[in-house]
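> Let me begin by handing over the structure; questions about it come next.
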Amino acid sequence: MDKKTFAFIIAFFSFLIWGALVIYWHQLSSVNPLEVVAHRAIWSLIFTTFIIIFMRKAGEVIRVFKNPKNVIPLILSSIIIASNWGLFIWAVAHDKIIESSMGNYITPLLNVAASAIIFKVVLNKYQKLSVLLALSGVVYMIIIYGKVPYIAIFFAITFCTYGIIKKLVRASAVTGLFIETLIISIPSAIYVLYLIHTGESAVLRGDNFITALLVCGGIVTTLPLLGFSYSAQILHLSTLGILQYITPTIAFLLGVFVYHEYFSTNMLITFILIWTGLVIYSVDGIYQLKKSMKEHK
């Protein structure tokens with residue numbers, strides 16, 4: 001098996017796992033979402049610490065911390081990713097899986113719009129059309145369905161902002177995740193200790209299954225990210241861009257067919273507009289990549 005094929009398989013299963021994690025977090029619906037996030041951060045830190053030691057990246061961690069310009073972006077990215085985790089876990093527990101998947105679909109198109117606004121990247125007509133279709137889908141839901149998709153919008157904005165902030169810090173995915181979870185784990189540990197002290201912690205209920213899920217939350221958070229990080233170094237961005245739609249598609253299908261969330265015709269129209277925008281965006285991305293490769297031959 002060649003390197004690219006192996007990387008493709010790793011990326012495929014990383015996105016597959018991310019999508020299937022809806023089932024995992026749904027098992028923790030009875031637990032306070034804040035406690036789930038706190039445990040997720042703490043156990044992710046412990047797991048990534050072993051990885052940092054194994055991969056001998058302690059030096060990189062120190063270099064990142066030594067640069068004052070990295071501190072504020074890292075704090076901001078930590079707050080954003082913790083908020084994102086918390087809302088997603090809350091959404092899964094409160095029958096909002098479909099709306100959260102919508103946010104993941106919108107994210108790449110919001111990234112395109114942000115590139116044009118913040119980094120002054122000139123968009124071609126197909127990119128403009130894809131962004132316009134996604135925006136039309138959201139506006140349609142607000143006007144016709146009579147509801148602002150707050151969760152989807154929050155997911156898209158936080159993911160987009162997180163990506164922009166990460167560009168300001170030069171660090172590998174593992175090092176970045178380690179530092180972020182380190183920052184989040186400080187208040188998380190205090191919160192968990194408070195819950196234990198007051199007798200409100202889920203780990204005190206005597207339910208070994210729930211406790212095991214909370215502990216393993218760190219592993220299921222980290223492994224897909226490591227797989228994605230490895231694949232991103234080998235595969236073209238266009239390939240990863242198409243594969244990333246596996247995650248929200250699985251979440252969407254689980255929300256509709258497994259957890260039987262409400263899904264109306266108006267919501268379907270919204271998704272069709274967003275999906276159409278994604279198809280145009282993906283096809284254009286592949287075309288631009290092939291064109292660029294031909295020009296550099």
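Labeling convention for the structure tokens: chains A, B, ... as they appear, residues from 1 per chain, ligands from 1 in order of appearance.
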What's around segment 148-150 of chain A at 8 Å? Count only C-alpha atoms, leave out sequence neighbours fewer than 5 positions away in its own chain, and write the answer as a VMD selection string.
chain A and resid 99 138 141 to 142
> Thr276 of chain A: which residues within 12 Å, counting only C-alpha atoms, same-chain residues fewer than 6 positions away excluded, as a list of chain:residue names?
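In the requested form, the answer reads A:Tyr105, A:Ile106, A:Leu109, A:Tyr126, A:Gln127, A:Leu129, A:Ser130, A:Val131, A:Leu132, A:Leu133, A:Ala134, A:Leu135, A:Ser136, A:Gly137, A:Ile269, A:Thr270, A:Ser282, A:Val283.
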> With only C-alpha atoms as the atoms that count, which of A:Phe6, A:Tyr191, A:Phe12, A:Tyr287 lies nearest to Pro224 of chain A?
A:Phe12
> Nearest to Phe271 of chain A among A:Ser188, A:Asn104, A:Ser229, A:Asn111, with distances taken over only C-alpha atoms: which residue is it?
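So, comparing all the options, the nearest one is A:Asn104.
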> Could you give me, as a ChimeraX atom specification, the residues within 12 Å of Ile165 of chain A, counting only C-alpha atoms and dropping anything in the same chain fewer than 4 positions from it?
/A:69-81,158-161,169-171,176
> Take the residues just selected and output them with N, CA and C atoms as a PDB file, in the first residue's frame.

```
ATOM      1  N   LYS A  69       3.785  36.332  21.573  1.00  0.00           N
ATOM      2  CA  LYS A  69       2.740  36.511  20.567  1.00  0.00           C
ATOM      3  C   LYS A  69       1.820  35.289  20.474  1.00  0.00           C
ATOM      4  N   ASN A  70       2.262  34.165  21.037  1.00  0.00           N
ATOM      5  CA  ASN A  70       1.462  32.939  20.972  1.00  0.00           C
ATOM      6  C   ASN A  70       0.462  32.828  22.120  1.00  0.00           C
ATOM      7  N   VAL A  71       0.737  33.504  23.227  1.00  0.00           N
ATOM      8  CA  VAL A  71      -0.046  33.302  24.453  1.00  0.00           C
ATOM      9  C   VAL A  71      -1.512  33.692  24.285  1.00  0.00           C
ATOM     10  N   ILE A  72      -1.760  34.937  23.835  1.00  0.00           N
ATOM     11  CA  ILE A  72      -3.145  35.399  23.690  1.00  0.00           C
ATOM     12  C   ILE A  72      -3.919  34.583  22.656  1.00  0.00           C
ATOM     13  N   PRO A  73      -3.345  34.314  21.446  1.00  0.00           N
ATOM     14  CA  PRO A  73      -4.055  33.468  20.480  1.00  0.00           C
ATOM     15  C   PRO A  73      -4.386  32.089  21.036  1.00  0.00           C
ATOM     16  N   LEU A  74      -3.472  31.509  21.808  1.00  0.00           N
ATOM     17  CA  LEU A  74      -3.701  30.183  22.379  1.00  0.00           C
ATOM     18  C   LEU A  74      -4.821  30.211  23.420  1.00  0.00           C
ATOM     19  N   ILE A  75      -4.868  31.263  24.212  1.00  0.00           N
ATOM     20  CA  ILE A  75      -5.941  31.401  25.198  1.00  0.00           C
ATOM     21  C   ILE A  75      -7.281  31.540  24.488  1.00  0.00           C
ATOM     22  N   LEU A  76      -7.310  32.387  23.440  1.00  0.00           N
ATOM     23  CA  LEU A  76      -8.532  32.588  22.672  1.00  0.00           C
ATOM     24  C   LEU A  76      -8.990  31.304  21.991  1.00  0.00           C
ATOM     25  N   SER A  77      -8.049  30.588  21.362  1.00  0.00           N
ATOM     26  CA  SER A  77      -8.402  29.341  20.673  1.00  0.00           C
ATOM     27  C   SER A  77      -8.904  28.298  21.668  1.00  0.00           C
ATOM     28  N   SER A  78      -8.339  28.306  22.882  1.00  0.00           N
ATOM     29  CA  SER A  78      -8.770  27.371  23.923  1.00  0.00           C
ATOM     30  C   SER A  78     -10.214  27.648  24.340  1.00  0.00           C
ATOM     31  N   ILE A  79     -10.528  28.919  24.535  1.00  0.00           N
ATOM     32  CA  ILE A  79     -11.893  29.313  24.919  1.00  0.00           C
ATOM     33  C   ILE A  79     -12.883  28.955  23.817  1.00  0.00           C
ATOM     34  N   ILE A  80     -12.488  29.223  22.568  1.00  0.00           N
ATOM     35  CA  ILE A  80     -13.373  28.960  21.432  1.00  0.00           C
ATOM     36  C   ILE A  80     -13.637  27.475  21.267  1.00  0.00           C
ATOM     37  N   ILE A  81     -12.582  26.654  21.333  1.00  0.00           N
ATOM     38  CA  ILE A  81     -12.765  25.214  21.113  1.00  0.00           C
ATOM     39  C   ILE A  81     -13.547  24.599  22.276  1.00  0.00           C
ATOM     40  N   THR A 158     -17.469  29.744  15.155  1.00  0.00           N
ATOM     41  CA  THR A 158     -16.390  29.314  16.049  1.00  0.00           C
ATOM     42  C   THR A 158     -15.337  28.496  15.312  1.00  0.00           C
ATOM     43  N   PHE A 159     -15.766  27.583  14.428  1.00  0.00           N
ATOM     44  CA  PHE A 159     -14.798  26.798  13.660  1.00  0.00           C
ATOM     45  C   PHE A 159     -13.962  27.698  12.761  1.00  0.00           C
ATOM     46  N   CYS A 160     -14.615  28.648  12.110  1.00  0.00           N
ATOM     47  CA  CYS A 160     -13.925  29.570  11.225  1.00  0.00           C
ATOM     48  C   CYS A 160     -12.934  30.431  12.009  1.00  0.00           C
ATOM     49  N   THR A 161     -13.383  30.994  13.123  1.00  0.00           N
ATOM     50  CA  THR A 161     -12.526  31.839  13.961  1.00  0.00           C
ATOM     51  C   THR A 161     -11.366  31.029  14.532  1.00  0.00           C
ATOM     52  N   VAL A 169      -0.421  30.929  15.221  1.00  0.00           N
ATOM     53  CA  VAL A 169       0.500  30.171  16.069  1.00  0.00           C
ATOM     54  C   VAL A 169       1.151  29.057  15.256  1.00  0.00           C
ATOM     55  N   ARG A 170       2.470  29.083  15.211  1.00  0.00           N
ATOM     56  CA  ARG A 170       3.200  28.046  14.478  1.00  0.00           C
ATOM     57  C   ARG A 170       3.455  26.855  15.399  1.00  0.00           C
ATOM     58  N   ALA A 171       2.609  25.846  15.269  1.00  0.00           N
ATOM     59  CA  ALA A 171       2.744  24.642  16.092  1.00  0.00           C
ATOM     60  C   ALA A 171       2.046  23.486  15.397  1.00  0.00           C
ATOM     61  N   GLY A 176      -0.387  21.909  19.447  1.00  0.00           N
ATOM     62  CA  GLY A 176      -1.471  22.869  19.604  1.00  0.00           C
ATOM     63  C   GLY A 176      -2.567  22.324  20.501  1.00  0.00           C
TER      64      GLY A 176
END
```
> Kindly indicate which residue among A:Thr48, A:Gln288, A:Thr239, A:Ser115 lies nearest to Thr181 of chain A, using only C-alpha atoms for the distances.
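Closest to Thr181 of chain A of all the choices is A:Thr48.
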> Write out as number ranges by chain all residues of segment 41-255 of chain A that DSSP puts in helix (DSSP H, G or I) for this structure's backbone.
A: 41-54, 58-66, 68-93, 97-118, 125-145, 150-166, 173-198, 202-204, 208-232, 237-243, 246-255
> Which polymer residues have any atom within 9 Å of an atom of segment 49-60 of chain A, counting only C-alpha atoms, with same-chain residues fewer than 3 positions away left out, as an mmCIF file with N, CA and C atoms, in the first residue's frame?

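Contents of the output file part.cif:
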```
data_model
loop_
_atom_site.group_PDB
_atom_site.id
_atom_site.type_symbol
_atom_site.label_atom_id
_atom_site.label_comp_id
_atom_site.auth_asym_id
_atom_site.auth_seq_id
_atom_site.Cartn_x
_atom_site.Cartn_y
_atom_site.Cartn_z
ATOM 1 N N SER A 44 -8.049 14.516 27.678
ATOM 2 C CA SER A 44 -7.327 14.813 26.434
ATOM 3 C C SER A 44 -5.917 15.277 26.767
ATOM 4 N N LEU A 45 -5.795 16.079 27.824
ATOM 5 C CA LEU A 45 -4.478 16.562 28.254
ATOM 6 C C LEU A 45 -3.584 15.395 28.673
ATOM 7 N N ILE A 46 -4.143 14.490 29.460
ATOM 8 C CA ILE A 46 -3.364 13.332 29.922
ATOM 9 C C ILE A 46 -2.912 12.475 28.736
ATOM 10 N N ARG A 63 9.042 26.158 23.040
ATOM 11 C CA ARG A 63 9.279 27.231 22.071
ATOM 12 C C ARG A 63 8.013 28.039 21.815
ATOM 13 N N VAL A 64 6.882 27.351 21.734
ATOM 14 C CA VAL A 64 5.608 28.034 21.498
ATOM 15 C C VAL A 64 5.269 28.942 22.670
ATOM 16 N N PHE A 65 5.467 28.442 23.891
ATOM 17 C CA PHE A 65 5.156 29.223 25.084
ATOM 18 C C PHE A 65 6.110 30.404 25.280
ATOM 19 N N ALA A 171 2.609 25.846 15.269
ATOM 20 C CA ALA A 171 2.744 24.642 16.092
ATOM 21 C C ALA A 171 2.046 23.486 15.397
ATOM 22 N N SER A 172 2.528 22.276 15.625
ATOM 23 C CA SER A 172 1.908 21.090 15.038
ATOM 24 C C SER A 172 0.560 20.854 15.697
ATOM 25 N N VAL A 174 -0.579 18.242 17.262
ATOM 26 C CA VAL A 174 -0.459 17.607 18.576
ATOM 27 C C VAL A 174 -0.060 18.629 19.625
ATOM 28 N N THR A 175 0.947 19.444 19.294
ATOM 29 C CA THR A 175 1.412 20.467 20.236
ATOM 30 C C THR A 175 0.310 21.486 20.508
ATOM 31 N N PHE A 178 -2.300 19.922 22.727
ATOM 32 C CA PHE A 178 -1.767 19.766 24.088
ATOM 33 C C PHE A 178 -1.847 21.084 24.859
#
```
